[in-house]
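Text of the file run.txt, holding compact mmCIF, C-alpha atoms and all ligand atoms:
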# COMPACT_ATOMS: atom_id res chain seq x y z
CA MET S 1 111.93 123.30 101.25
CA SER S 2 108.29 123.33 100.24
CA LYS S 3 107.42 120.07 98.52
CA ILE S 4 108.64 116.55 99.31
CA ALA S 5 108.14 112.94 98.23
CA VAL S 6 108.30 109.52 99.87
CA LEU S 7 108.92 106.01 98.55
CA THR S 8 109.24 102.46 99.87
CA SER S 9 111.89 100.20 98.33
CA GLY S 10 113.38 96.70 98.64
CA GLY S 11 111.39 93.94 100.36
CA ASP S 12 108.23 95.27 102.04
CA SER S 13 108.35 95.41 105.81
CA PRO S 14 105.68 95.90 108.48
CA GLY S 15 105.59 99.53 109.52
CA MET S 16 106.28 101.02 106.07
CA ASN S 17 102.69 102.28 105.82
CA ALA S 18 102.84 103.67 109.33
CA ALA S 19 106.01 105.57 108.40
CA VAL S 20 104.40 106.97 105.21
CA MET S 21 101.41 108.02 107.30
CA SER S 22 103.69 109.77 109.77
CA VAL S 23 105.53 111.56 106.94
CA ALA S 24 102.14 112.71 105.61
CA ARG S 25 101.01 113.99 109.01
CA SER S 26 104.20 115.95 109.54
CA ALA S 27 104.16 117.32 105.98
CA ALA S 28 100.54 118.43 106.48
CA LEU S 29 101.46 120.16 109.75
CA LEU S 30 104.20 122.07 107.92
CA ASP S 31 102.03 122.78 104.85
CA MET S 32 104.32 120.82 102.57
CA PRO S 33 102.62 119.04 99.64
CA LEU S 34 103.59 115.37 99.47
CA ILE S 35 104.09 113.06 96.48
CA GLY S 36 104.15 109.26 96.86
CA ILE S 37 106.55 107.56 94.44
CA LYS S 38 105.28 104.11 93.48
CA ARG S 39 107.23 100.82 93.37
CA GLY S 40 110.55 101.95 94.77
CA PHE S 41 112.89 103.78 92.43
CA ASN S 42 110.93 102.48 89.43
CA GLY S 43 108.36 105.25 89.83
CA LEU S 44 111.16 107.83 89.67
CA ILE S 45 112.46 106.64 86.34
CA GLY S 46 109.00 106.47 84.76
CA LYS S 47 109.12 102.70 84.37
CA TYR S 48 105.36 102.32 83.82
CA PRO S 49 103.33 103.84 80.97
CA LYS S 50 100.51 105.15 83.18
CA PRO S 51 101.61 108.11 85.38
CA GLU S 52 99.44 106.87 88.28
CA ASP S 53 101.56 103.71 88.40
CA ASN S 54 104.66 105.88 88.90
CA TYR S 55 103.48 108.44 91.44
CA VAL S 56 100.48 109.78 93.32
CA GLU S 57 99.69 112.98 95.21
CA LEU S 58 99.28 111.99 98.84
CA SER S 59 96.69 113.77 100.90
CA LEU S 60 95.98 113.04 104.56
CA ASP S 61 92.46 111.98 103.56
CA LEU S 62 93.82 109.38 101.17
CA LEU S 63 96.20 108.04 103.80
CA LEU S 64 94.00 108.06 106.89
CA ASP S 65 93.47 104.31 106.94
CA ILE S 66 96.73 102.95 105.68
CA ALA S 67 98.71 103.00 108.91
CA ASP S 68 96.67 99.97 109.99
CA LEU S 69 97.31 98.01 106.83
CA PRO S 70 99.99 95.42 106.29
CA GLY S 71 102.19 95.63 103.17
CA THR S 72 103.04 98.95 101.56
CA TYR S 73 100.33 101.11 99.99
CA LEU S 74 102.92 102.74 97.72
CA ARG S 75 104.01 99.28 96.56
CA THR S 76 107.65 98.32 96.45
CA ALA S 77 109.93 96.76 93.89
CA ARG S 78 113.56 96.28 93.12
CA CYS S 79 114.98 98.53 90.41
CA PRO S 80 118.43 97.27 89.37
CA GLU S 81 118.84 100.07 86.77
CA PHE S 82 118.99 102.60 89.57
CA ALA S 83 122.58 101.55 90.33
CA GLU S 84 123.50 103.33 87.07
CA GLU S 85 124.14 107.08 87.06
CA GLU S 86 122.04 107.62 83.93
CA TYR S 87 118.91 106.48 85.80
CA GLN S 88 119.82 108.32 89.00
CA LYS S 89 119.99 111.55 86.98
CA LYS S 90 116.68 110.72 85.32
CA GLY S 91 115.11 110.17 88.76
CA ALA S 92 116.42 113.47 90.10
CA ASP S 93 115.22 115.33 86.98
CA PHE S 94 111.79 113.75 87.37
CA LEU S 95 111.53 114.98 90.98
CA ARG S 96 112.62 118.46 89.90
CA SER S 97 109.96 118.41 87.17
CA LEU S 98 107.38 117.92 89.93
CA ASP S 99 109.00 120.71 91.95
CA VAL S 100 110.00 118.20 94.64
CA GLN S 101 113.19 119.12 96.51
CA GLY S 102 113.34 116.41 99.17
CA LEU S 103 112.72 112.66 99.35
CA VAL S 104 112.18 110.19 102.20
CA VAL S 105 113.43 106.72 101.25
CA ILE S 106 112.10 103.83 103.36
CA GLY S 107 114.11 100.67 102.76
CA GLY S 108 117.31 98.79 103.54
CA ASP S 109 120.96 99.35 102.68
CA GLY S 110 120.41 98.96 98.92
CA SER S 111 117.73 101.65 99.04
CA PHE S 112 120.05 103.89 101.07
CA HIS S 113 122.63 103.62 98.27
CA GLY S 114 119.89 104.85 95.94
CA ALA S 115 119.19 107.76 98.32
CA GLN S 116 122.89 108.64 98.40
CA ALA S 117 122.98 108.65 94.61
CA LEU S 118 120.04 111.08 94.50
CA CYS S 119 121.81 113.36 96.98
CA ARG S 120 124.74 113.46 94.55
CA GLN S 121 122.22 114.58 91.91
CA GLY S 122 121.06 117.48 94.08
CA ILE S 123 117.96 115.99 95.75
CA ALA S 124 117.87 116.16 99.56
CA CYS S 125 117.25 112.65 100.94
CA ILE S 126 116.55 111.10 104.33
CA GLY S 127 116.50 107.31 104.83
CA ILE S 128 114.25 105.39 107.23
CA PRO S 129 115.39 101.81 107.88
CA GLY S 130 112.65 99.51 106.59
CA THR S 131 113.69 95.87 106.42
CA ILE S 132 112.72 92.81 108.43
CA ASP S 133 116.33 91.59 108.23
CA ASN S 134 117.78 94.01 110.82
CA ASP S 135 121.01 93.91 108.85
CA LEU S 136 121.90 97.59 109.25
CA GLY S 137 124.78 97.82 111.70
CA TYR S 138 124.23 101.48 112.66
CA THR S 139 120.78 100.95 114.19
CA GLU S 140 119.33 98.73 116.90
CA MET S 141 116.10 98.30 115.00
CA SER S 142 114.65 98.61 111.53
CA LEU S 143 110.96 98.76 110.65
CA GLY S 144 109.48 95.28 110.48
CA PHE S 145 112.12 93.35 112.40
CA ASP S 146 110.14 93.22 115.63
CA THR S 147 106.99 92.18 113.74
CA ALA S 148 108.83 89.48 111.77
CA VAL S 149 110.34 88.09 114.97
CA ASN S 150 106.89 87.97 116.57
CA VAL S 151 105.50 86.07 113.57
CA CYS S 152 108.36 83.56 113.94
CA VAL S 153 107.80 83.29 117.67
CA GLU S 154 104.13 82.45 117.13
CA ALA S 155 105.04 79.86 114.47
CA ILE S 156 107.78 78.28 116.59
CA ARG S 157 105.55 78.04 119.67
CA ALA S 158 102.93 76.20 117.63
CA ILE S 159 105.57 73.95 116.10
CA ARG S 160 107.05 73.13 119.51
CA ALA S 161 103.61 72.14 120.78
CA THR S 162 103.06 69.61 118.01
CA SER S 163 106.72 68.53 118.22
CA ARG S 164 106.26 67.74 121.88
CA SER S 165 103.05 65.77 121.19
CA HIS S 166 104.89 63.57 118.67
CA ASP S 167 108.33 63.47 120.27
CA ARG S 168 109.66 64.88 117.01
CA PRO S 169 112.45 67.44 116.55
CA HIS S 170 111.83 70.17 113.99
CA VAL S 171 113.84 72.40 111.65
CA VAL S 172 112.37 75.90 111.23
CA GLU S 173 113.72 78.14 108.47
CA VAL S 174 113.27 81.89 108.87
CA MET S 175 114.21 84.87 106.68
CA GLY S 176 116.93 87.47 107.16
CA ARG S 177 118.96 87.34 103.97
CA ASN S 178 122.62 87.39 105.17
CA CYS S 179 121.71 88.29 108.74
CA GLY S 180 120.86 85.86 111.56
CA ASP S 181 119.07 88.36 113.81
CA ILE S 182 115.51 87.11 113.15
CA ALA S 183 116.59 83.50 113.77
CA LEU S 184 118.58 84.30 116.89
CA THR S 185 115.97 86.56 118.50
CA ALA S 186 113.13 84.15 117.72
CA ALA S 187 115.14 81.17 119.04
CA GLN S 188 116.07 83.09 122.17
CA SER S 189 112.44 84.11 122.78
CA THR S 190 111.08 80.57 122.48
CA GLY S 191 113.72 78.49 124.23
CA CYS S 192 114.87 76.77 121.04
CA GLU S 193 117.89 74.55 121.52
CA ILE S 194 119.87 75.10 118.32
CA VAL S 195 120.18 78.13 116.06
CA VAL S 196 122.15 78.20 112.81
CA VAL S 197 123.06 81.63 111.42
CA PRO S 198 125.10 82.92 108.45
CA GLU S 199 127.46 84.86 110.70
CA ILE S 200 128.98 81.53 111.79
CA LYS S 201 130.84 80.23 108.75
CA ASN S 202 131.56 76.61 107.84
CA TRP S 203 129.44 75.03 110.53
CA GLU S 204 129.22 71.32 109.76
CA ILE S 205 125.86 69.61 109.53
CA GLY S 206 127.48 66.66 111.37
CA ASP S 207 128.07 68.89 114.36
CA VAL S 208 124.45 70.10 114.35
CA ALA S 209 123.35 66.44 114.17
CA ARG S 210 125.61 65.47 117.08
CA ARG S 211 124.09 68.24 119.19
CA LEU S 212 120.58 67.15 118.25
CA LYS S 213 121.36 63.51 119.04
CA ASN S 214 122.83 64.52 122.37
CA LEU S 215 119.64 66.45 123.21
CA ILE S 216 117.44 63.50 122.25
CA GLU S 217 119.52 61.13 124.36
CA ARG S 218 119.08 63.49 127.29
CA GLY S 219 115.31 63.23 126.89
CA ASN S 220 114.57 66.33 124.82
CA THR S 221 112.55 64.78 122.01
CA ARG S 222 111.18 68.00 120.59
CA ALA S 223 114.32 70.09 120.12
CA THR S 224 113.93 72.88 117.58
CA VAL S 225 116.68 73.82 115.13
CA VAL S 226 116.08 77.37 113.87
CA VAL S 227 117.96 78.09 110.64
CA ALA S 228 118.38 81.58 109.17
CA GLU S 229 118.00 81.26 105.38
CA GLY S 230 121.42 82.85 104.81
CA ALA S 231 123.09 79.95 106.63
CA TRP S 232 122.43 77.63 103.66
CA ARG S 233 125.16 79.60 101.87
CA THR S 234 127.68 79.71 104.70
CA MET S 235 127.54 76.25 106.26
CA ALA S 236 130.37 73.82 105.43
CA ASP S 237 129.96 72.01 102.10
CA PHE S 238 128.19 68.70 102.43
CA ASP S 239 127.08 66.43 99.59
CA TYR S 240 123.66 65.80 101.05
CA VAL S 241 122.19 64.67 97.68
CA SER S 242 124.59 61.68 97.56
CA TYR S 243 124.21 61.16 101.29
CA LEU S 244 120.41 60.89 101.08
CA LYS S 245 120.35 58.96 97.79
CA GLU S 246 122.77 56.36 99.19
CA ARG S 247 120.28 55.79 101.98
CA GLY S 248 117.35 55.40 99.59
CA ILE S 249 115.64 58.65 100.63
CA LYS S 250 113.12 59.79 98.01
CA GLY S 251 112.51 63.31 96.66
CA VAL S 252 116.17 64.23 96.28
CA TYR S 253 117.65 65.06 92.86
CA GLU S 254 120.99 66.11 91.40
CA GLY S 255 121.67 69.83 91.55
CA GLN S 256 119.08 70.44 94.26
CA ARG S 257 120.21 73.11 96.70
CA ILE S 258 120.11 72.47 100.42
CA ASN S 259 116.76 73.38 101.99
CA ALA S 260 114.96 72.90 105.28
CA VAL S 261 113.30 69.63 104.26
CA ASN S 262 116.52 67.97 103.13
CA PHE S 263 118.43 69.36 106.09
CA ALA S 264 115.84 67.70 108.35
CA LYS S 265 116.18 64.44 106.41
CA VAL S 266 119.97 64.45 106.91
CA LEU S 267 119.58 65.23 110.61
CA GLN S 268 117.09 62.38 110.89
CA GLU S 269 119.54 59.95 109.26
CA MET S 270 122.45 61.12 111.39
CA ALA S 271 120.40 60.75 114.56
CA SER S 272 118.86 57.46 113.34
CA GLU S 273 120.15 55.32 116.18
CA THR S 274 117.48 56.96 118.26
CA ASP S 275 114.83 56.21 115.61
CA THR S 276 113.77 59.82 115.52
CA SER S 277 111.75 61.50 112.80
CA VAL S 278 112.70 65.13 112.04
CA ARG S 279 110.21 67.47 110.34
CA ALA S 280 110.67 70.91 108.71
CA THR S 281 108.72 74.16 108.33
CA VAL S 282 109.62 77.29 106.36
CA VAL S 283 107.95 80.33 107.94
CA GLY S 284 108.36 82.28 104.66
CA TYR S 285 106.59 85.45 103.56
CA THR S 286 104.18 85.54 106.50
CA GLN S 287 107.11 87.30 108.21
CA ARG S 288 106.63 90.30 105.93
CA GLY S 289 102.87 90.51 105.61
CA HIS S 290 101.65 91.30 109.13
CA ALA S 291 100.47 94.58 110.60
CA PRO S 292 103.30 96.19 112.61
CA THR S 293 103.74 95.49 116.30
CA ALA S 294 103.39 98.44 118.66
CA ARG S 295 107.19 98.72 118.76
CA ASP S 296 107.51 98.94 114.97
CA GLY S 297 104.50 101.26 114.71
CA ALA S 298 105.88 103.63 117.34
CA PHE S 299 109.30 103.76 115.66
CA ALA S 300 107.59 104.42 112.30
CA PHE S 301 105.76 107.37 113.81
CA GLU S 302 108.89 108.92 115.26
CA ALA S 303 111.07 108.24 112.21
CA GLY S 304 108.54 109.73 109.77
CA ALA S 305 108.25 112.92 111.79
CA MET S 306 112.03 113.23 112.19
CA ALA S 307 112.58 112.73 108.44
CA VAL S 308 110.19 115.55 107.50
CA ASN S 309 111.65 117.91 110.09
CA LEU S 310 115.19 117.28 108.86
CA LEU S 311 114.15 118.04 105.28
CA LYS S 312 112.27 121.14 106.41
CA HIS S 313 115.49 122.43 107.99
CA GLY S 314 117.52 121.70 104.87
CA ILE S 315 119.32 118.71 106.40
CA SER S 316 120.02 115.90 103.92
CA ASN S 317 122.04 112.73 103.27
CA GLN S 318 121.07 111.27 106.65
CA VAL S 319 119.47 108.06 107.90
CA ILE S 320 117.35 107.61 110.98
CA GLY S 321 117.98 104.85 113.50
CA VAL S 322 117.72 103.80 117.12
CA ARG S 323 120.64 103.77 119.55
CA ASN S 324 120.25 102.95 123.25
CA GLY S 325 116.52 103.05 122.67
CA ARG S 326 116.57 106.64 121.33
CA THR S 327 115.79 107.71 117.78
CA PHE S 328 118.68 109.57 116.15
CA HIS S 329 120.08 110.45 112.72
CA MET S 330 123.51 110.16 111.15
CA PRO S 331 125.13 110.57 107.70
CA ILE S 332 124.18 107.81 105.24
CA ASP S 333 127.82 107.13 104.47
CA THR S 334 128.78 106.53 108.10
CA ALA S 335 125.68 104.37 108.62
CA LEU S 336 126.46 102.18 105.61
CA ASN S 337 130.00 101.62 106.92
CA ALA S 338 128.89 100.60 110.42
CA LYS S 339 129.92 97.12 111.53
CA PRO S 340 127.17 94.45 111.73
CA HIS S 341 125.86 93.90 115.25
CA PHE S 342 125.73 90.10 115.53
CA ASN S 343 125.27 89.03 119.16
CA ARG S 344 127.73 86.15 119.48
CA ARG S 345 127.29 85.90 123.23
CA MET S 346 123.57 85.22 122.76
CA PHE S 347 124.32 82.79 119.93
CA ASN S 348 126.57 80.80 122.28
CA MET S 349 123.96 80.86 125.05
CA VAL S 350 121.17 79.52 122.80
CA ASN S 351 123.43 76.71 121.53
CA ALA S 352 124.98 75.99 124.93
CA LEU S 353 123.08 72.83 125.92
P1 LIG E 1 117.10 96.80 100.49
O1 LIG E 1 116.86 98.25 100.30
O2 LIG E 1 116.07 96.16 101.36
O3 LIG E 1 118.52 96.50 100.90
P2 LIG E 1 117.77 95.89 97.84
O4 LIG E 1 119.19 95.57 98.16
O5 LIG E 1 117.01 94.95 96.96
O6 LIG E 1 116.85 96.08 99.11
O7 LIG E 1 117.79 97.34 97.15
C1 LIG E 1 116.59 97.99 96.82
C2 LIG E 1 116.81 98.89 95.63
O8 LIG E 1 117.75 99.93 95.96
C3 LIG E 1 117.40 98.24 94.40
O9 LIG E 1 116.47 97.51 93.65
C4 LIG E 1 117.87 99.47 93.64
O10 LIG E 1 116.77 100.13 93.06
C5 LIG E 1 118.39 100.36 94.77
N1 LIG E 1 119.85 100.18 94.91
C6 LIG E 1 120.50 99.12 95.41
N2 LIG E 1 121.84 99.29 95.32
C7 LIG E 1 122.03 100.49 94.76
C8 LIG E 1 123.18 101.25 94.39
N3 LIG E 1 124.44 100.80 94.61
N4 LIG E 1 122.99 102.47 93.83
C9 LIG E 1 121.76 102.95 93.61
N5 LIG E 1 120.63 102.27 93.92
C10 LIG E 1 120.75 101.08 94.48
O1 LIG E 2 115.13 91.69 102.62
C1 LIG E 2 113.91 91.19 103.06
C2 LIG E 2 113.70 89.78 102.56
O2 LIG E 2 112.43 89.33 102.99
C3 LIG E 2 114.78 88.78 102.96
O3 LIG E 2 114.63 88.34 104.30
C4 LIG E 2 114.60 87.71 101.92
O4 LIG E 2 115.79 86.99 101.71
C5 LIG E 2 114.27 88.51 100.69
O5 LIG E 2 113.71 89.74 101.15
C6 LIG E 2 113.29 87.84 99.78
O6 LIG E 2 113.15 88.65 98.67
P1 LIG E 2 112.02 88.46 97.57
O7 LIG E 2 110.83 89.23 98.05
O8 LIG E 2 112.63 89.08 96.35
O9 LIG E 2 111.76 87.01 97.43
Could the structure of this file be written out as structure tokens, please?
Amino acid sequence: MSKIAVLTSGGDSPGMNAAVMSVARSAALLDMPLIGIKRGFNGLIGKYPKPEDNYVELSLDLLLDIADLPGTYLRTARCPEFAEEEYQKKGADFLRSLDVQGLVVIGGDGSFHGAQALCRQGIACIGIPGTIDNDLGYTEMSLGFDTAVNVCVEAIRAIRATSRSHDRPHVVEVMGRNCGDIALTAAQSTGCEIVVVPEIKNWEIGDVARRLKNLIERGNTRATVVVAEGAWRTMADFDYVSYLKERGIKGVYEGQRINAVNFAKVLQEMASETDTSVRATVVGYTQRGHAPTARDGAFAFEAGAMAVNLLKHGISNQVIGVRNGRTFHMPIDTALNAKPHFNRRMFNMVNAL
């Protein structure tokens, strides 16, 4: 293999640039020219009229500074068309037209499906897990998770300080799509009292409120309820619009989906005997936009180098991950079928009080 390409896909995650930088360093060491595909799989299917919006030749000089930057230099985007074989073939043909035989795909499980599809079209592919969600069962860490957790930890610590000053409990919503790992790890790291995650189905808001009330009655007036965004879809149904309207709470309208603010309002009403005010904060996209922590940066370095070496030796259809603290690779198919690694024991410990 003499020429390879790299792309970032799905939601951006801290460490993507560091991984691209590492791929570039290893490619340079092995004298392999490197192409950067822009905006996920979109660049492969020639989505944009200007060629420079679809791909770029990556030299070490061009990349020297990017490892320090947050975001992804190559840009990222979703590309729903790529689920169709017609576009997968087009992408593979495009790579062949550039004389590229191997591709490093940095992204989550959706992106790995795209990599698998390209393998079927004759392009050698290696996946590097890049998602803050940590929702890939085969690996202990994915690029960006550690950074996202640290952003949440900083936010929660600040929130708990003001919560304590005002004797006010707080709901904090964090990202993670259908995975509760960011919420659980951040809650565990900051001593939060309640964590709500999508892995626990049909949890009733009344039960969360009872726990909160119990904490308040025991003197904990600044309890923090960390909610993983995916839990809004998996908690037990509750007609909170009617519930809040009946109590004359403003800012609630028909058809509105449950969110952190309204969840806090319901908790406040349910714990009202104690005359407690409950506030809410959504940590949001700050979780994705930070420079990588040392842990994410170091994994990016190792994963990028491993990906290039695998391609150099003609090894394809693999993803890189971490198991027992060691970087390893395994077939994409096996990785995508791995069971999720939700830590129920830790969930019970955080919610134990
Ligand atoms: P992530 O990679 O973080 O899981 P997404 O699920 O949004 O993010 O997927 C990113 C991209 O991967 C999609 O926009 C699409 O281009 C590609 N992709 C997702 N699913 C498939 C699939 N089944 N086949 C081919 N490509 C896919
Ligand atoms: O997958 C990463 C992630 O940040 C999720 O945690 C979140 O649900 C989603 O992406 C948000 O996606 P978008 O950038 O399309 O709003």
Q. Closest to ligand LIG 1 (chain E) among S:Val56, S:Ile35, S:Leu143, S:Val208, using all atoms listed in the file?
A.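 Checking each of S:Val56, S:Ile35, S:Leu143, S:Val208 against ligand LIG 1 (chain E), counting all atoms listed in the file, the winner is S:Leu143.
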Within 8 Å of ligand LIG 1 (chain E), which residues show up when you count all atoms listed in the file? List them as a PDB file with C-alpha atoms, in the frame of the given file, please.
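Saved as out_2.pdb:
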ATOM      1  CA  SER S   9     111.890 100.200  98.330  1.00  0.00           C
ATOM      2  CA  GLY S  10     113.380  96.700  98.640  1.00  0.00           C
ATOM      3  CA  GLY S  11     111.390  93.940 100.360  1.00  0.00           C
ATOM      4  CA  ASP S  12     108.230  95.270 102.040  1.00  0.00           C
ATOM      5  CA  GLY S  40     110.550 101.950  94.770  1.00  0.00           C
ATOM      6  CA  PHE S  41     112.890 103.780  92.430  1.00  0.00           C
ATOM      7  CA  ASN S  42     110.930 102.480  89.430  1.00  0.00           C
ATOM      8  CA  ALA S  77     109.930  96.760  93.890  1.00  0.00           C
ATOM      9  CA  ARG S  78     113.560  96.280  93.120  1.00  0.00           C
ATOM     10  CA  CYS S  79     114.980  98.530  90.410  1.00  0.00           C
ATOM     11  CA  PRO S  80     118.430  97.270  89.370  1.00  0.00           C
ATOM     12  CA  GLU S  81     118.840 100.070  86.770  1.00  0.00           C
ATOM     13  CA  PHE S  82     118.990 102.600  89.570  1.00  0.00           C
ATOM     14  CA  ALA S  83     122.580 101.550  90.330  1.00  0.00           C
ATOM     15  CA  GLU S  84     123.500 103.330  87.070  1.00  0.00           C
ATOM     16  CA  GLN S  88     119.820 108.320  89.000  1.00  0.00           C
ATOM     17  CA  ILE S 106     112.100 103.830 103.360  1.00  0.00           C
ATOM     18  CA  GLY S 107     114.110 100.670 102.760  1.00  0.00           C
ATOM     19  CA  GLY S 108     117.310  98.790 103.540  1.00  0.00           C
ATOM     20  CA  ASP S 109     120.960  99.350 102.680  1.00  0.00           C
ATOM     21  CA  GLY S 110     120.410  98.960  98.920  1.00  0.00           C
ATOM     22  CA  SER S 111     117.730 101.650  99.040  1.00  0.00           C
ATOM     23  CA  PHE S 112     120.050 103.890 101.070  1.00  0.00           C
ATOM     24  CA  HIS S 113     122.630 103.620  98.270  1.00  0.00           C
ATOM     25  CA  GLY S 114     119.890 104.850  95.940  1.00  0.00           C
ATOM     26  CA  ALA S 115     119.190 107.760  98.320  1.00  0.00           C
ATOM     27  CA  GLN S 116     122.890 108.640  98.400  1.00  0.00           C
ATOM     28  CA  ALA S 117     122.980 108.650  94.610  1.00  0.00           C
ATOM     29  CA  GLY S 130     112.650  99.510 106.590  1.00  0.00           C
ATOM     30  CA  THR S 131     113.690  95.870 106.420  1.00  0.00           C
TER      31      THR S 131
END
Q) Hey, which residues come within 6 Å of ligand LIG 2 (chain E) if we count all atoms listed in the file? Could you give them as a VMD selection string? A) chain S and resid 11 131 to 133 175 to 177
Selection to disk with C-alpha atoms, as a PDB file, in the coordinates of the input:
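Wrote it out as part11.pdb, contents follow:
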ATOM      1  CA  GLY S  11     111.390  93.940 100.360  1.00  0.00           C
ATOM      2  CA  THR S 131     113.690  95.870 106.420  1.00  0.00           C
ATOM      3  CA  ILE S 132     112.720  92.810 108.430  1.00  0.00           C
ATOM      4  CA  ASP S 133     116.330  91.590 108.230  1.00  0.00           C
ATOM      5  CA  MET S 175     114.210  84.870 106.680  1.00  0.00           C
ATOM      6  CA  GLY S 176     116.930  87.470 107.160  1.00  0.00           C
ATOM      7  CA  ARG S 177     118.960  87.340 103.970  1.00  0.00           C
TER       8      ARG S 177
END
(Q) For a test of reading the model, state the distance in Å between atom CA of Val6 of chain S and atom CA of Ile128 of chain S, rounded to one decimal. (A) 10.3 Å
Q: Please provide as a PyMOL selection string all residues within 9 Å of segment 295-311 of chain S, with the sequence filter that same-chain residues fewer than 6 positions apart are discarded (counting all atoms listed in the file).
A: chain S and resi 1+4+14-27+30+67+101-104+124-129+141-147+318-322+327-329
Proximity check segment 185-262 of chain S to segment 280-288 of chain S, 9 Å, nearest pairs one decimal Å, all atoms listed in the file, as CSV:
residue,atom,partner,partner_atom,distance
S:Ala260,CA,S:Ala280,CA,5.8
S:Val261,CA,S:Ala280,CA,5.3
S:Asn262,CA,S:Ala280,CA,8.6
Q: Can you work out which one of S:Leu212, S:Met349, S:Val195, S:Val227 has the shortest atom-to-atom distance to Val172 of chain S, counting only C-alpha atoms?
A: S:Val227
Q | Counting all atoms listed in the file, the residue of S:His341, S:Arg75, S:Lys3, S:Arg164 that sits nearest Val100 of chain S | A |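 Result for the nearest residue to Val100 of chain S: S:Lys3.
Atom CA of Thr276 of chain S to atom CA of Arg168 of chain S spans 6.7 Å [interatomic distance, one decimal].
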**Q.** Atomic distance atom CA of Val149 of chain S - atom CA of Pro340 of chain S, expressed in Å with one decimal
**A.**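 Between atom CA of Val149 of chain S and atom CA of Pro340 of chain S the gap works out to 18.3 Å.
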Q: Could you give me, as a list in words, the residues that sit within 10 Å of (124.6, 72.4, 124.3) in the file's coordinates, counting all atoms listed in the file?
A: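 Taken together, the residues in range are Glu193, Ile194, Arg211, Leu212, Asn214, Leu215, Asn348, Met349, Val350, Asn351, Ala352 and Leu353 of chain S.
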Write a file of the selected residues as a short mmCIF file (atom, residue, chain, number, x, y, z; two decimals), in the coordinates of the input, keeping C-alpha atoms.
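Saved the output as part-v5.cif:
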data_model
loop_
_atom_site.label_atom_id
_atom_site.label_comp_id
_atom_site.auth_asym_id
_atom_site.auth_seq_id
_atom_site.Cartn_x
_atom_site.Cartn_y
_atom_site.Cartn_z
CA GLU S 193 117.89 74.55 121.52
CA ILE S 194 119.87 75.10 118.32
CA ARG S 211 124.09 68.24 119.19
CA LEU S 212 120.58 67.15 118.25
CA ASN S 214 122.83 64.52 122.37
CA LEU S 215 119.64 66.45 123.21
CA ASN S 348 126.57 80.80 122.28
CA MET S 349 123.96 80.86 125.05
CA VAL S 350 121.17 79.52 122.80
CA ASN S 351 123.43 76.71 121.53
CA ALA S 352 124.98 75.99 124.93
CA LEU S 353 123.08 72.83 125.92
#
Q) Using all atoms listed in the file, which residue out of S:Lys312, S:Thr76, S:Asn150, S:Gly46 lies closest to Pro292 of chain S? A)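 Checking each of S:Lys312, S:Thr76, S:Asn150, S:Gly46 against Pro292 of chain S, counting all atoms listed in the file, the winner is S:Asn150.
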(Q) Ranking S:Met270, S:Leu69, S:Asp99, S:Gly191 by minimum distance to Ser13 of chain S and counting all atoms listed in the file, which one comes first? (A)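 So, comparing all the options, the nearest one is S:Leu69.
Proximity to Glu85 of chain S was assessed for S:Leu98, S:Ala5, S:Ile45, S:Val105 counting all atoms listed in the file; the smallest distance is recorded for S:Ile45.
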Q | 12 Å contact set for Tyr253 of chain S, only C-alpha atoms, chain neighbours under 4 positions out, as a list in words | A |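 Selected residues are Asp239, Tyr240, Val241, Ser242, Tyr243, Leu244, Lys245, Glu246, Gly248, Ile249, Arg257, Ile258 and Asn262 of chain S.
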**Q.** Cut-off 7 Å around (124.0, 102.6, 113.6) with all atoms listed in the file: residues as a ChimeraX atom specification
**A.** /S:136-140,321,323,335,338
